[in-house]
>>> print(open('entry.pdb').read())   # PDB, C-alpha atoms and all ligand atoms
ATOM      1  CA  MET Q   1     -66.595  70.485-112.728  1.00  0.00           C
ATOM      2  CA  ASN Q   2     -67.883  71.235-109.237  1.00  0.00           C
ATOM      3  CA  LYS Q   3     -65.273  73.569-107.792  1.00  0.00           C
ATOM      4  CA  ALA Q   4     -64.696  73.694-104.063  1.00  0.00           C
ATOM      5  CA  PHE Q   5     -66.170  76.549-102.057  1.00  0.00           C
ATOM      6  CA  GLY Q   6     -63.207  78.731-101.189  1.00  0.00           C
ATOM      7  CA  CYS Q   7     -59.735  78.493-102.588  1.00  0.00           C
ATOM      8  CA  ASP Q   8     -57.086  76.752-100.534  1.00  0.00           C
ATOM      9  CA  GLU Q   9     -54.315  77.469-102.989  1.00  0.00           C
ATOM     10  CA  PRO Q  10     -51.695  79.939-101.691  1.00  0.00           C
ATOM     11  CA  LYS Q  11     -50.225  80.378-105.165  1.00  0.00           C
ATOM     12  CA  LEU Q  12     -53.525  81.673-106.469  1.00  0.00           C
ATOM     13  CA  GLU Q  13     -53.937  83.993-103.510  1.00  0.00           C
ATOM     14  CA  ARG Q  14     -50.435  85.317-104.187  1.00  0.00           C
ATOM     15  CA  PHE Q  15     -51.292  85.841-107.844  1.00  0.00           C
ATOM     16  CA  VAL Q  16     -54.368  87.917-106.963  1.00  0.00           C
ATOM     17  CA  SER Q  17     -52.672  89.822-104.137  1.00  0.00           C
ATOM     18  CA  GLU Q  18     -49.645  90.773-106.210  1.00  0.00           C
ATOM     19  CA  LEU Q  19     -51.718  91.878-109.165  1.00  0.00           C
ATOM     20  CA  TYR Q  20     -54.521  93.683-107.349  1.00  0.00           C
ATOM     21  CA  ALA Q  21     -52.236  94.948-104.543  1.00  0.00           C
ATOM     22  CA  PRO Q  22     -55.027  95.389-102.000  1.00  0.00           C
ATOM     23  CA  GLU Q  23     -52.820  96.737 -99.210  1.00  0.00           C
ATOM     24  CA  ASP Q  24     -51.068 100.036 -99.835  1.00  0.00           C
ATOM     25  CA  GLU Q  25     -48.667 101.841 -97.481  1.00  0.00           C
ATOM     26  CA  VAL Q  26     -51.506 103.530 -95.558  1.00  0.00           C
ATOM     27  CA  LEU Q  27     -53.261 100.257 -94.756  1.00  0.00           C
ATOM     28  CA  ARG Q  28     -49.955  98.548 -93.995  1.00  0.00           C
ATOM     29  CA  GLU Q  29     -49.160 101.302 -91.484  1.00  0.00           C
ATOM     30  CA  ILE Q  30     -52.585 100.944 -89.827  1.00  0.00           C
ATOM     31  CA  ARG Q  31     -52.111  97.190 -89.453  1.00  0.00           C
ATOM     32  CA  ALA Q  32     -48.608  97.655 -87.972  1.00  0.00           C
ATOM     33  CA  ARG Q  33     -49.563 100.510 -85.622  1.00  0.00           C
ATOM     34  CA  SER Q  34     -52.646  98.629 -84.377  1.00  0.00           C
ATOM     35  CA  VAL Q  35     -50.458  95.693 -83.361  1.00  0.00           C
ATOM     36  CA  LYS Q  36     -47.872  98.017 -81.821  1.00  0.00           C
ATOM     37  CA  GLU Q  37     -50.615  99.688 -79.759  1.00  0.00           C
ATOM     38  CA  GLY Q  38     -51.615  96.268 -78.430  1.00  0.00           C
ATOM     39  CA  LEU Q  39     -54.868  95.844 -80.358  1.00  0.00           C
ATOM     40  CA  PRO Q  40     -55.853  92.272 -81.255  1.00  0.00           C
ATOM     41  CA  ASP Q  41     -54.614  91.321 -84.712  1.00  0.00           C
ATOM     42  CA  ILE Q  42     -58.104  90.583 -86.022  1.00  0.00           C
ATOM     43  CA  GLN Q  43     -58.764  93.204 -88.702  1.00  0.00           C
ATOM     44  CA  ILE Q  44     -60.045  91.853 -91.984  1.00  0.00           C
ATOM     45  CA  ALA Q  45     -57.546  90.471 -94.476  1.00  0.00           C
ATOM     46  CA  ALA Q  46     -56.153  92.767 -97.140  1.00  0.00           C
ATOM     47  CA  LEU Q  47     -58.224  91.197 -99.909  1.00  0.00           C
ATOM     48  CA  ASP Q  48     -61.358  91.416 -97.752  1.00  0.00           C
ATOM     49  CA  ALA Q  49     -60.694  95.132 -97.347  1.00  0.00           C
ATOM     50  CA  ARG Q  50     -60.642  95.322-101.123  1.00  0.00           C
ATOM     51  CA  HIS Q  51     -63.943  93.411-101.234  1.00  0.00           C
ATOM     52  CA  LEU Q  52     -65.457  96.057 -98.946  1.00  0.00           C
ATOM     53  CA  GLU Q  53     -64.040  98.880-101.040  1.00  0.00           C
ATOM     54  CA  VAL Q  54     -65.447  97.429-104.261  1.00  0.00           C
ATOM     55  CA  LEU Q  55     -68.848  96.598-102.733  1.00  0.00           C
ATOM     56  CA  ALA Q  56     -69.188 100.138-101.341  1.00  0.00           C
ATOM     57  CA  ALA Q  57     -68.324 101.581-104.739  1.00  0.00           C
ATOM     58  CA  ALA Q  58     -70.571  99.133-106.606  1.00  0.00           C
ATOM     59  CA  CYS Q  59     -73.694 100.139-104.680  1.00  0.00           C
ATOM     60  CA  GLY Q  60     -72.800 103.832-104.872  1.00  0.00           C
ATOM     61  CA  ALA Q  61     -72.817 104.102-101.080  1.00  0.00           C
ATOM     62  CA  ARG Q  62     -72.695 107.581 -99.562  1.00  0.00           C
ATOM     63  CA  LYS Q  63     -73.802 106.747 -96.021  1.00  0.00           C
ATOM     64  CA  ALA Q  64     -72.370 103.618 -94.443  1.00  0.00           C
ATOM     65  CA  VAL Q  65     -72.422 102.052 -90.995  1.00  0.00           C
ATOM     66  CA  GLU Q  66     -69.702  99.841 -89.557  1.00  0.00           C
ATOM     67  CA  ILE Q  67     -70.165  97.873 -86.336  1.00  0.00           C
ATOM     68  CA  GLY Q  68     -66.724  97.030 -84.896  1.00  0.00           C
ATOM     69  CA  THR Q  69     -64.106  99.693 -85.710  1.00  0.00           C
ATOM     70  CA  LEU Q  70     -60.941  98.239 -84.133  1.00  0.00           C
ATOM     71  CA  GLY Q  71     -58.025 100.300 -85.519  1.00  0.00           C
ATOM     72  CA  GLY Q  72     -59.880 101.647 -88.549  1.00  0.00           C
ATOM     73  CA  TYR Q  73     -58.479  99.259 -91.161  1.00  0.00           C
ATOM     74  CA  SER Q  74     -61.802  98.163 -92.673  1.00  0.00           C
ATOM     75  CA  GLY Q  75     -63.243 101.651 -92.150  1.00  0.00           C
ATOM     76  CA  VAL Q  76     -60.608 103.165 -94.411  1.00  0.00           C
ATOM     77  CA  ALA Q  77     -61.506 100.596 -97.074  1.00  0.00           C
ATOM     78  CA  LEU Q  78     -65.211 101.473 -96.844  1.00  0.00           C
ATOM     79  CA  LEU Q  79     -64.454 105.196 -97.032  1.00  0.00           C
ATOM     80  CA  ARG Q  80     -62.200 104.684-100.026  1.00  0.00           C
ATOM     81  CA  GLY Q  81     -64.981 102.775-101.762  1.00  0.00           C
ATOM     82  CA  MET Q  82     -67.453 105.594-101.158  1.00  0.00           C
ATOM     83  CA  GLY Q  83     -65.121 108.347-102.316  1.00  0.00           C
ATOM     84  CA  PRO Q  84     -65.031 111.947-101.047  1.00  0.00           C
ATOM     85  CA  ALA Q  85     -68.836 112.235-100.703  1.00  0.00           C
ATOM     86  CA  GLY Q  86     -69.041 109.251 -98.348  1.00  0.00           C
ATOM     87  CA  ILE Q  87     -69.758 109.343 -94.618  1.00  0.00           C
ATOM     88  CA  LEU Q  88     -68.992 106.412 -92.336  1.00  0.00           C
ATOM     89  CA  HIS Q  89     -70.558 105.961 -88.910  1.00  0.00           C
ATOM     90  CA  THR Q  90     -68.419 103.389 -87.130  1.00  0.00           C
ATOM     91  CA  PHE Q  91     -69.134 101.846 -83.719  1.00  0.00           C
ATOM     92  CA  GLU Q  92     -66.572 100.685 -81.185  1.00  0.00           C
ATOM     93  CA  ILE Q  93     -66.974  99.645 -77.565  1.00  0.00           C
ATOM     94  CA  ASP Q  94     -63.299 100.042 -76.589  1.00  0.00           C
ATOM     95  CA  PRO Q  95     -62.077 103.656 -76.295  1.00  0.00           C
ATOM     96  CA  LYS Q  96     -58.486 102.524 -76.836  1.00  0.00           C
ATOM     97  CA  HIS Q  97     -59.412 101.000 -80.191  1.00  0.00           C
ATOM     98  CA  ALA Q  98     -61.364 104.125 -81.107  1.00  0.00           C
ATOM     99  CA  LYS Q  99     -58.314 106.282 -80.387  1.00  0.00           C
ATOM    100  CA  VAL Q 100     -56.141 104.224 -82.728  1.00  0.00           C
ATOM    101  CA  ALA Q 101     -58.855 104.396 -85.388  1.00  0.00           C
ATOM    102  CA  GLU Q 102     -59.077 108.164 -85.075  1.00  0.00           C
ATOM    103  CA  ASP Q 103     -55.383 108.360 -85.883  1.00  0.00           C
ATOM    104  CA  SER Q 104     -55.833 105.933 -88.782  1.00  0.00           C
ATOM    105  CA  PHE Q 105     -58.615 107.971 -90.367  1.00  0.00           C
ATOM    106  CA  ARG Q 106     -56.504 111.123 -90.054  1.00  0.00           C
ATOM    107  CA  ARG Q 107     -53.453 109.493 -91.638  1.00  0.00           C
ATOM    108  CA  ALA Q 108     -55.610 108.089 -94.446  1.00  0.00           C
ATOM    109  CA  GLY Q 109     -56.968 111.577 -95.135  1.00  0.00           C
ATOM    110  CA  VAL Q 110     -60.579 110.631 -94.387  1.00  0.00           C
ATOM    111  CA  ALA Q 111     -61.012 111.995 -90.830  1.00  0.00           C
ATOM    112  CA  SER Q 112     -63.673 114.519 -91.876  1.00  0.00           C
ATOM    113  CA  GLN Q 113     -65.797 111.673 -93.295  1.00  0.00           C
ATOM    114  CA  ALA Q 114     -65.561 109.334 -90.311  1.00  0.00           C
ATOM    115  CA  ARG Q 115     -67.744 109.501 -87.183  1.00  0.00           C
ATOM    116  CA  ILE Q 116     -66.542 107.172 -84.449  1.00  0.00           C
ATOM    117  CA  HIS Q 117     -69.206 106.302 -81.858  1.00  0.00           C
ATOM    118  CA  VAL Q 118     -67.769 104.875 -78.657  1.00  0.00           C
ATOM    119  CA  GLY Q 119     -69.894 102.513 -76.576  1.00  0.00           C
ATOM    120  CA  PRO Q 120     -71.882  99.283 -76.932  1.00  0.00           C
ATOM    121  CA  ALA Q 121     -73.132  99.381 -80.538  1.00  0.00           C
ATOM    122  CA  LEU Q 122     -76.669  98.208 -79.830  1.00  0.00           C
ATOM    123  CA  GLY Q 123     -77.308 101.292 -77.696  1.00  0.00           C
ATOM    124  CA  GLU Q 124     -75.268 103.736 -79.763  1.00  0.00           C
ATOM    125  CA  LEU Q 125     -76.842 102.803 -83.098  1.00  0.00           C
ATOM    126  CA  ARG Q 126     -80.077 104.485 -82.025  1.00  0.00           C
ATOM    127  CA  SER Q 127     -78.390 107.870 -82.097  1.00  0.00           C
ATOM    128  CA  ILE Q 128     -77.916 107.805 -85.891  1.00  0.00           C
ATOM    129  CA  GLU Q 129     -81.307 106.452 -86.949  1.00  0.00           C
ATOM    130  CA  GLY Q 130     -82.464 109.975 -87.813  1.00  0.00           C
ATOM    131  CA  GLU Q 131     -79.726 110.187 -90.439  1.00  0.00           C
ATOM    132  CA  GLY Q 132     -80.896 107.050 -92.256  1.00  0.00           C
ATOM    133  CA  PRO Q 133     -81.793 105.185 -94.266  1.00  0.00           C
ATOM    134  CA  PHE Q 134     -78.252 103.996 -94.944  1.00  0.00           C
ATOM    135  CA  ASP Q 135     -76.686 102.509 -98.080  1.00  0.00           C
ATOM    136  CA  LEU Q 136     -74.448  99.910 -96.498  1.00  0.00           C
ATOM    137  CA  CYS Q 137     -73.956  98.220 -93.136  1.00  0.00           C
ATOM    138  CA  PHE Q 138     -70.831  96.181 -92.313  1.00  0.00           C
ATOM    139  CA  ILE Q 139     -71.121  93.951 -89.245  1.00  0.00           C
ATOM    140  CA  ASP Q 140     -67.857  92.850 -87.615  1.00  0.00           C
ATOM    141  CA  ALA Q 141     -68.232  93.203 -83.820  1.00  0.00           C
ATOM    142  CA  ASP Q 142     -69.274  90.716 -81.089  1.00  0.00           C
ATOM    143  CA  LYS Q 143     -70.616  87.597 -82.781  1.00  0.00           C
ATOM    144  CA  GLU Q 144     -73.323  87.113 -80.090  1.00  0.00           C
ATOM    145  CA  SER Q 145     -75.112  90.182 -81.440  1.00  0.00           C
ATOM    146  CA  TYR Q 146     -75.081  89.536 -85.199  1.00  0.00           C
ATOM    147  CA  ALA Q 147     -78.823  88.730 -85.230  1.00  0.00           C
ATOM    148  CA  ASP Q 148     -79.587  91.987 -83.403  1.00  0.00           C
ATOM    149  CA  TYR Q 149     -77.306  93.978 -85.704  1.00  0.00           C
ATOM    150  CA  LEU Q 150     -79.037  92.459 -88.721  1.00  0.00           C
ATOM    151  CA  ASP Q 151     -82.382  93.437 -87.239  1.00  0.00           C
ATOM    152  CA  TRP Q 152     -81.144  97.015 -86.929  1.00  0.00           C
ATOM    153  CA  ALA Q 153     -79.856  96.931 -90.499  1.00  0.00           C
ATOM    154  CA  VAL Q 154     -83.172  95.649 -91.879  1.00  0.00           C
ATOM    155  CA  ARG Q 155     -84.899  98.631 -90.313  1.00  0.00           C
ATOM    156  CA  ASN Q 156     -82.316 101.212 -91.328  1.00  0.00           C
ATOM    157  CA  LEU Q 157     -81.038 100.248 -94.786  1.00  0.00           C
ATOM    158  CA  ARG Q 158     -82.649 101.622 -97.924  1.00  0.00           C
ATOM    159  CA  ARG Q 159     -84.012  99.206-100.513  1.00  0.00           C
ATOM    160  CA  GLY Q 160     -80.984  98.223-102.608  1.00  0.00           C
ATOM    161  CA  GLY Q 161     -78.809  98.827 -99.554  1.00  0.00           C
ATOM    162  CA  VAL Q 162     -76.096  96.290 -98.833  1.00  0.00           C
ATOM    163  CA  ILE Q 163     -75.464  94.270 -95.693  1.00  0.00           C
ATOM    164  CA  ILE Q 164     -72.045  92.671 -95.179  1.00  0.00           C
ATOM    165  CA  GLY Q 165     -71.079  90.379 -92.301  1.00  0.00           C
ATOM    166  CA  ASP Q 166     -67.520  89.252 -91.570  1.00  0.00           C
ATOM    167  CA  ASN Q 167     -66.786  85.903 -89.903  1.00  0.00           C
ATOM    168  CA  ALA Q 168     -69.845  84.315 -91.490  1.00  0.00           C
ATOM    169  CA  PHE Q 169     -68.221  80.881 -90.987  1.00  0.00           C
ATOM    170  CA  LEU Q 170     -67.756  81.679 -87.259  1.00  0.00           C
ATOM    171  CA  PHE Q 171     -64.212  80.286 -87.284  1.00  0.00           C
ATOM    172  CA  GLY Q 172     -65.456  76.998 -88.748  1.00  0.00           C
ATOM    173  CA  GLU Q 173     -68.260  76.489 -86.231  1.00  0.00           C
ATOM    174  CA  MET Q 174     -71.035  76.964 -88.778  1.00  0.00           C
ATOM    175  CA  GLY Q 175     -69.896  73.751 -90.448  1.00  0.00           C
ATOM    176  CA  GLU Q 176     -70.657  71.734 -87.324  1.00  0.00           C
ATOM    177  CA  PRO Q 177     -74.057  70.125 -86.731  1.00  0.00           C
ATOM    178  CA  ALA Q 178     -76.456  72.201 -84.640  1.00  0.00           C
ATOM    179  CA  GLY Q 179     -76.300  70.996 -81.035  1.00  0.00           C
ATOM    180  CA  PRO Q 180     -79.158  71.195 -78.539  1.00  0.00           C
ATOM    181  CA  ARG Q 181     -77.548  74.035 -76.564  1.00  0.00           C
ATOM    182  CA  PRO Q 182     -75.582  76.223 -78.979  1.00  0.00           C
ATOM    183  CA  ASN Q 183     -73.425  78.944 -77.407  1.00  0.00           C
ATOM    184  CA  PRO Q 184     -74.714  82.510 -77.842  1.00  0.00           C
ATOM    185  CA  ALA Q 185     -72.421  83.262 -80.800  1.00  0.00           C
ATOM    186  CA  VAL Q 186     -73.486  80.128 -82.694  1.00  0.00           C
ATOM    187  CA  LYS Q 187     -77.145  80.808 -81.948  1.00  0.00           C
ATOM    188  CA  SER Q 188     -76.914  84.409 -83.088  1.00  0.00           C
ATOM    189  CA  MET Q 189     -74.880  83.630 -86.220  1.00  0.00           C
ATOM    190  CA  ARG Q 190     -77.368  80.902 -87.158  1.00  0.00           C
ATOM    191  CA  ALA Q 191     -80.290  83.314 -86.777  1.00  0.00           C
ATOM    192  CA  PHE Q 192     -78.336  85.890 -88.807  1.00  0.00           C
ATOM    193  CA  HIS Q 193     -77.871  83.411 -91.669  1.00  0.00           C
ATOM    194  CA  GLU Q 194     -81.461  82.120 -91.534  1.00  0.00           C
ATOM    195  CA  ARG Q 195     -82.877  85.617 -91.840  1.00  0.00           C
ATOM    196  CA  LEU Q 196     -80.404  86.692 -94.516  1.00  0.00           C
ATOM    197  CA  ALA Q 197     -80.936  83.556 -96.593  1.00  0.00           C
ATOM    198  CA  ARG Q 198     -84.634  82.875 -96.106  1.00  0.00           C
ATOM    199  CA  GLY Q 199     -86.238  85.905 -94.471  1.00  0.00           C
ATOM    200  CA  GLY Q 200     -87.462  87.343 -97.756  1.00  0.00           C
ATOM    201  CA  GLU Q 201     -85.800  90.691 -97.023  1.00  0.00           C
ATOM    202  CA  PHE Q 202     -82.509  90.177 -98.863  1.00  0.00           C
ATOM    203  CA  LYS Q 203     -80.991  88.621-101.920  1.00  0.00           C
ATOM    204  CA  ALA Q 204     -77.935  87.183-100.242  1.00  0.00           C
ATOM    205  CA  THR Q 205     -74.895  84.956-100.507  1.00  0.00           C
ATOM    206  CA  VAL Q 206     -71.656  84.143 -98.704  1.00  0.00           C
ATOM    207  CA  ILE Q 207     -68.407  85.018-100.446  1.00  0.00           C
ATOM    208  CA  PRO Q 208     -65.992  82.208 -99.552  1.00  0.00           C
ATOM    209  CA  THR Q 209     -63.176  84.267 -98.058  1.00  0.00           C
ATOM    210  CA  GLY Q 210     -61.103  82.756 -95.259  1.00  0.00           C
ATOM    211  CA  GLU Q 211     -63.579  83.965 -92.643  1.00  0.00           C
ATOM    212  CA  GLY Q 212     -66.690  83.953 -94.840  1.00  0.00           C
ATOM    213  CA  LEU Q 213     -68.127  87.280 -95.964  1.00  0.00           C
ATOM    214  CA  ALA Q 214     -71.934  87.300 -95.975  1.00  0.00           C
ATOM    215  CA  VAL Q 215     -73.341  89.805 -98.465  1.00  0.00           C
ATOM    216  CA  GLY Q 216     -76.974  90.719 -99.026  1.00  0.00           C
ATOM    217  CA  VAL Q 217     -78.915  93.340-100.941  1.00  0.00           C
ATOM    218  CA  LYS Q 218     -82.139  94.565 -99.350  1.00  0.00           C
ATOM    219  CA  ILE Q 219     -85.063  93.887-101.652  1.00  0.00           C
TER     220      ILE Q 219
HETATM  221  N1  LIG Q 301     -63.732  95.853 -88.599  1.00  0.00           N
HETATM  222  C1  LIG Q 301     -62.400  95.848 -87.992  1.00  0.00           C
HETATM  223  C2  LIG Q 301     -62.221  94.683 -87.038  1.00  0.00           C
HETATM  224  C3  LIG Q 301     -63.218  94.664 -85.925  1.00  0.00           C
HETATM  225  S1  LIG Q 301     -62.747  93.551 -84.631  1.00  0.00           S
HETATM  226  C4  LIG Q 301     -61.380  95.765 -89.114  1.00  0.00           C
HETATM  227  O1  LIG Q 301     -61.498  94.841 -89.921  1.00  0.00           O
HETATM  228  O2  LIG Q 301     -60.474  96.594 -89.180  1.00  0.00           O
HETATM  229  C5  LIG Q 301     -64.138  93.678 -83.595  1.00  0.00           C
HETATM  230  C6  LIG Q 301     -64.248  95.010 -82.837  1.00  0.00           C
HETATM  231  O3  LIG Q 301     -65.572  95.064 -82.276  1.00  0.00           O
HETATM  232  C7  LIG Q 301     -63.283  95.129 -81.665  1.00  0.00           C
HETATM  233  O4  LIG Q 301     -62.559  96.340 -81.763  1.00  0.00           O
HETATM  234  C8  LIG Q 301     -64.184  95.143 -80.435  1.00  0.00           C
HETATM  235  O5  LIG Q 301     -63.705  95.964 -79.384  1.00  0.00           O
HETATM  236  C9  LIG Q 301     -65.477  95.673 -81.012  1.00  0.00           C
HETATM  237  N2  LIG Q 301     -66.687  95.324 -80.253  1.00  0.00           N
HETATM  238  C10 LIG Q 301     -66.932  94.173 -79.569  1.00  0.00           C
HETATM  239  N3  LIG Q 301     -68.147  94.213 -79.003  1.00  0.00           N
HETATM  240  C11 LIG Q 301     -68.697  95.407 -79.345  1.00  0.00           C
HETATM  241  C12 LIG Q 301     -69.946  96.050 -79.074  1.00  0.00           C
HETATM  242  N4  LIG Q 301     -70.882  95.455 -78.337  1.00  0.00           N
HETATM  243  N5  LIG Q 301     -70.163  97.264 -79.582  1.00  0.00           N
HETATM  244  C13 LIG Q 301     -69.220  97.880 -80.339  1.00  0.00           C
HETATM  245  N6  LIG Q 301     -68.035  97.329 -80.629  1.00  0.00           N
HETATM  246  C14 LIG Q 301     -67.768  96.118 -80.141  1.00  0.00           C
HETATM  247  C1  LIG Q 302     -62.179  87.835 -83.912  1.00  0.00           C
HETATM  248  C2  LIG Q 302     -63.076  88.784 -84.371  1.00  0.00           C
HETATM  249  C3  LIG Q 302     -63.153  89.070 -85.716  1.00  0.00           C
HETATM  250  O1  LIG Q 302     -64.027  89.985 -86.201  1.00  0.00           O
HETATM  251  C4  LIG Q 302     -62.326  88.436 -86.619  1.00  0.00           C
HETATM  252  O2  LIG Q 302     -62.441  88.759 -87.937  1.00  0.00           O
HETATM  253  C5  LIG Q 302     -61.418  87.489 -86.174  1.00  0.00           C
HETATM  254  C6  LIG Q 302     -61.340  87.196 -84.808  1.00  0.00           C
HETATM  255  C7  LIG Q 302     -62.117  87.509 -82.464  1.00  0.00           C
HETATM  256  O3  LIG Q 302     -62.891  88.117 -81.701  1.00  0.00           O
HETATM  257  O4  LIG Q 302     -61.296  86.705 -82.082  1.00  0.00           O
HETATM  258 MG    MG Q 303     -64.066  90.031 -88.318  1.00  0.00          MG
END
>>> encode(input="entry.pdb", output="structure tokens")
Amino acid sequence: MNKAFGCDEPKLERFVSELYAPEDEVLREIRARSVKEGLPDIQIAALDARHLEVLAAACGARKAVEIGTLGGYSGVALLRGMGPAGILHTFEIDPKHAKVAEDSFRRAGVASQARIHVGPALGELRSIEGEGPFDLCFIDADKESYADYLDWAVRNLRRGGVIIGDNAFLFGEMGEPAGPRPNPAVKSMRAFHERLARGGEFKATVIPTGEGLAVGVKI
């Protein structure tokens, strides 16, 4: 049987969500407060947060980088996966989002392990290169820059380090034929996938979540 990529069956999602209970009270509060503070409701899904937590734990990450903090929802998941010895450098261009995230990390009891860097990530990332190489890099900011973020990750992840990219399907656009003049996000996401899949630097796949979660191990 050739099963479909992804699972469009709400009953099965309910089964997994109820059993694995990926969203506890702390994460629920972060989601609700982020919306209340006027942040866009675009944090990763509860089960995707669990994917991040498990991946961070599976690779024994101690030093992780997140590009795109928003209200701290995914950051808490990454920190939980790393445990008390983990440090997360997370990058956010919008000071308002960073402020909400700061509160989230405090409420989740992980404030001392989280470093929020405010500003355009491509510039700010340079400031932590001395602390590398890193164990994990989660990309979830502006889609136009995914190829550049991957380039940074290639240079700053250890061998065996894990790269994760949210929105790997680019809201369905990656399923469309390549046009002659792709918009910057499509162009960048395509380059991101090409390098991850065929660049020889990673063993990689895409986990068929709703948004598509690209995952690669640096070889
Ligand atoms: N990872 C978060 C969601 C991130 S949403 C979660 O799942 O909880 C994307 C975030 O990237 C937004 O907060 C946006 O302000 C931020 N962002 C967009 N462009 C950016 C840039 N150039 N540098 C840093 N952050 C950026
Ligand atoms: C958007 C960004 C995301 O990272 C996401 O997961 C969903 C939506 C957005 O910019 O609209
Ligand atoms: Mg996303």
>>> resolve_selection(input="entry.pdb", expression="the PyMOL selection byres (((chain Q and resi 185) around 10) and not hetatm)", output="list in words")
Asp142, Lys143, Glu144, Ser145, Tyr146, Ala147, Leu170, Glu173, Pro182, Asn183, Pro184, Val186, Lys187, Ser188, Met189, Arg190 and Ala191 of chain Q
>>> residues_around(input="entry.pdb", residues="Gln113 (chain Q)", least_positions_apart="5", cutoff="10 Å", atoms="all atoms listed in the file", output="JSON, numbers by chain")
{"Q": [63, 79, 83, 84, 85, 86, 87, 88, 89, 105, 106]}
>>> resolve_selection(input="entry.pdb", expression="the PyMOL selection byres (((not hetatm)) within 9 of (chain Q and resi 301))", output="ChimeraX atom specification")
/Q:31,39-45,48-49,66-77,90-98,101,117-124,138-145,166
>>> resolve_selection(input="entry.pdb", expression="the PyMOL selection byres (((chain Q and resi 200) around 12) and not hetatm)", output="VMD selection string")
chain Q and resid 154 194 to 199 201 to 204 216 to 219
>>> write_last_selection(input="entry.pdb", atoms="C-alpha atoms", output="compact mmCIF listing (two decimals), keeping the file's coordinate frame")
# COMPACT_ATOMS: atom_id res chain seq x y z
CA VAL Q 154 -83.17 95.65 -91.88
CA GLU Q 194 -81.46 82.12 -91.53
CA ARG Q 195 -82.88 85.62 -91.84
CA LEU Q 196 -80.40 86.69 -94.52
CA ALA Q 197 -80.94 83.56 -96.59
CA ARG Q 198 -84.63 82.88 -96.11
CA GLY Q 199 -86.24 85.90 -94.47
CA GLU Q 201 -85.80 90.69 -97.02
CA PHE Q 202 -82.51 90.18 -98.86
CA LYS Q 203 -80.99 88.62 -101.92
CA ALA Q 204 -77.94 87.18 -100.24
CA GLY Q 216 -76.97 90.72 -99.03
CA VAL Q 217 -78.92 93.34 -100.94
CA LYS Q 218 -82.14 94.56 -99.35
CA ILE Q 219 -85.06 93.89 -101.65
>>> residues_around(input="entry.pdb", residues="Ala58 (chain Q)", least_positions_apart="6", cutoff="10 Å", atoms="all atoms listed in the file", output="list of chain:residue names")
Q:Leu52, Q:Gly81, Q:Met82, Q:Val162
>>> atom_distance(input="entry.pdb", atom1="CA of Tyr149 (chain Q)", atom2="CA of Cys137 (chain Q)")
9.2 Å
>>> atom_distance(input="entry.pdb", atom1="CA of Pro180 (chain Q)", atom2="atom C4 of ligand LIG 302 (chain Q)")
25.4 Å
>>> atom_distance(input="entry.pdb", atom1="CA of Phe169 (chain Q)", atom2="CA of His193 (chain Q)")
10.0 Å
>>> closest_residue(input="entry.pdb", among="Q:Ile30, Q:Val215, Q:Ala46, Q:Ala108", to="ligand LIG 302 (chain Q)", atoms="all atoms listed in the file")
Q:Ala46
>>> axis_aligned_box(input="entry.pdb", around="ligand LIG 302 (chain Q)", padding_each_side="4 Å", output="AutoDock Vina command-line options")
--center_x -62.7 --center_y 88.3 --center_z -84.8 --size_x 10.7 --size_y 11.3 --size_z 14.2
>>> closest_residue(input="entry.pdb", among="Q:Pro177, Q:Gly165, Q:Pro10, Q:Pro22", to="ligand MG 303 (chain Q)", atoms="all atoms listed in the file")
Q:Gly165
>>> residues_around(input="entry.pdb", residues="Leu136 (chain Q)", least_positions_apart="4", cutoff="10 Å", atoms="all atoms listed in the file", output="PDB file with C-alpha atoms, in the coordinates of the input")
ATOM      1  CA  LEU Q  55     -68.848  96.598-102.733  1.00  0.00           C
ATOM      2  CA  ALA Q  56     -69.188 100.138-101.341  1.00  0.00           C
ATOM      3  CA  CYS Q  59     -73.694 100.139-104.680  1.00  0.00           C
ATOM      4  CA  GLY Q  60     -72.800 103.832-104.872  1.00  0.00           C
ATOM      5  CA  ALA Q  61     -72.817 104.102-101.080  1.00  0.00           C
ATOM      6  CA  ARG Q  62     -72.695 107.581 -99.562  1.00  0.00           C
ATOM      7  CA  LYS Q  63     -73.802 106.747 -96.021  1.00  0.00           C
ATOM      8  CA  ALA Q  64     -72.370 103.618 -94.443  1.00  0.00           C
ATOM      9  CA  VAL Q  65     -72.422 102.052 -90.995  1.00  0.00           C
ATOM     10  CA  GLU Q  66     -69.702  99.841 -89.557  1.00  0.00           C
ATOM     11  CA  LEU Q  78     -65.211 101.473 -96.844  1.00  0.00           C
ATOM     12  CA  LEU Q  88     -68.992 106.412 -92.336  1.00  0.00           C
ATOM     13  CA  ALA Q 153     -79.856  96.931 -90.499  1.00  0.00           C
ATOM     14  CA  ASN Q 156     -82.316 101.212 -91.328  1.00  0.00           C
ATOM     15  CA  LEU Q 157     -81.038 100.248 -94.786  1.00  0.00           C
ATOM     16  CA  ARG Q 158     -82.649 101.622 -97.924  1.00  0.00           C
ATOM     17  CA  GLY Q 160     -80.984  98.223-102.608  1.00  0.00           C
ATOM     18  CA  GLY Q 161     -78.809  98.827 -99.554  1.00  0.00           C
ATOM     19  CA  VAL Q 162     -76.096  96.290 -98.833  1.00  0.00           C
ATOM     20  CA  ILE Q 163     -75.464  94.270 -95.693  1.00  0.00           C
ATOM     21  CA  ILE Q 164     -72.045  92.671 -95.179  1.00  0.00           C
ATOM     22  CA  GLY Q 216     -76.974  90.719 -99.026  1.00  0.00           C
ATOM     23  CA  VAL Q 217     -78.915  93.340-100.941  1.00  0.00           C
ATOM     24  CA  LYS Q 218     -82.139  94.565 -99.350  1.00  0.00           C
TER      25      LYS Q 218
END
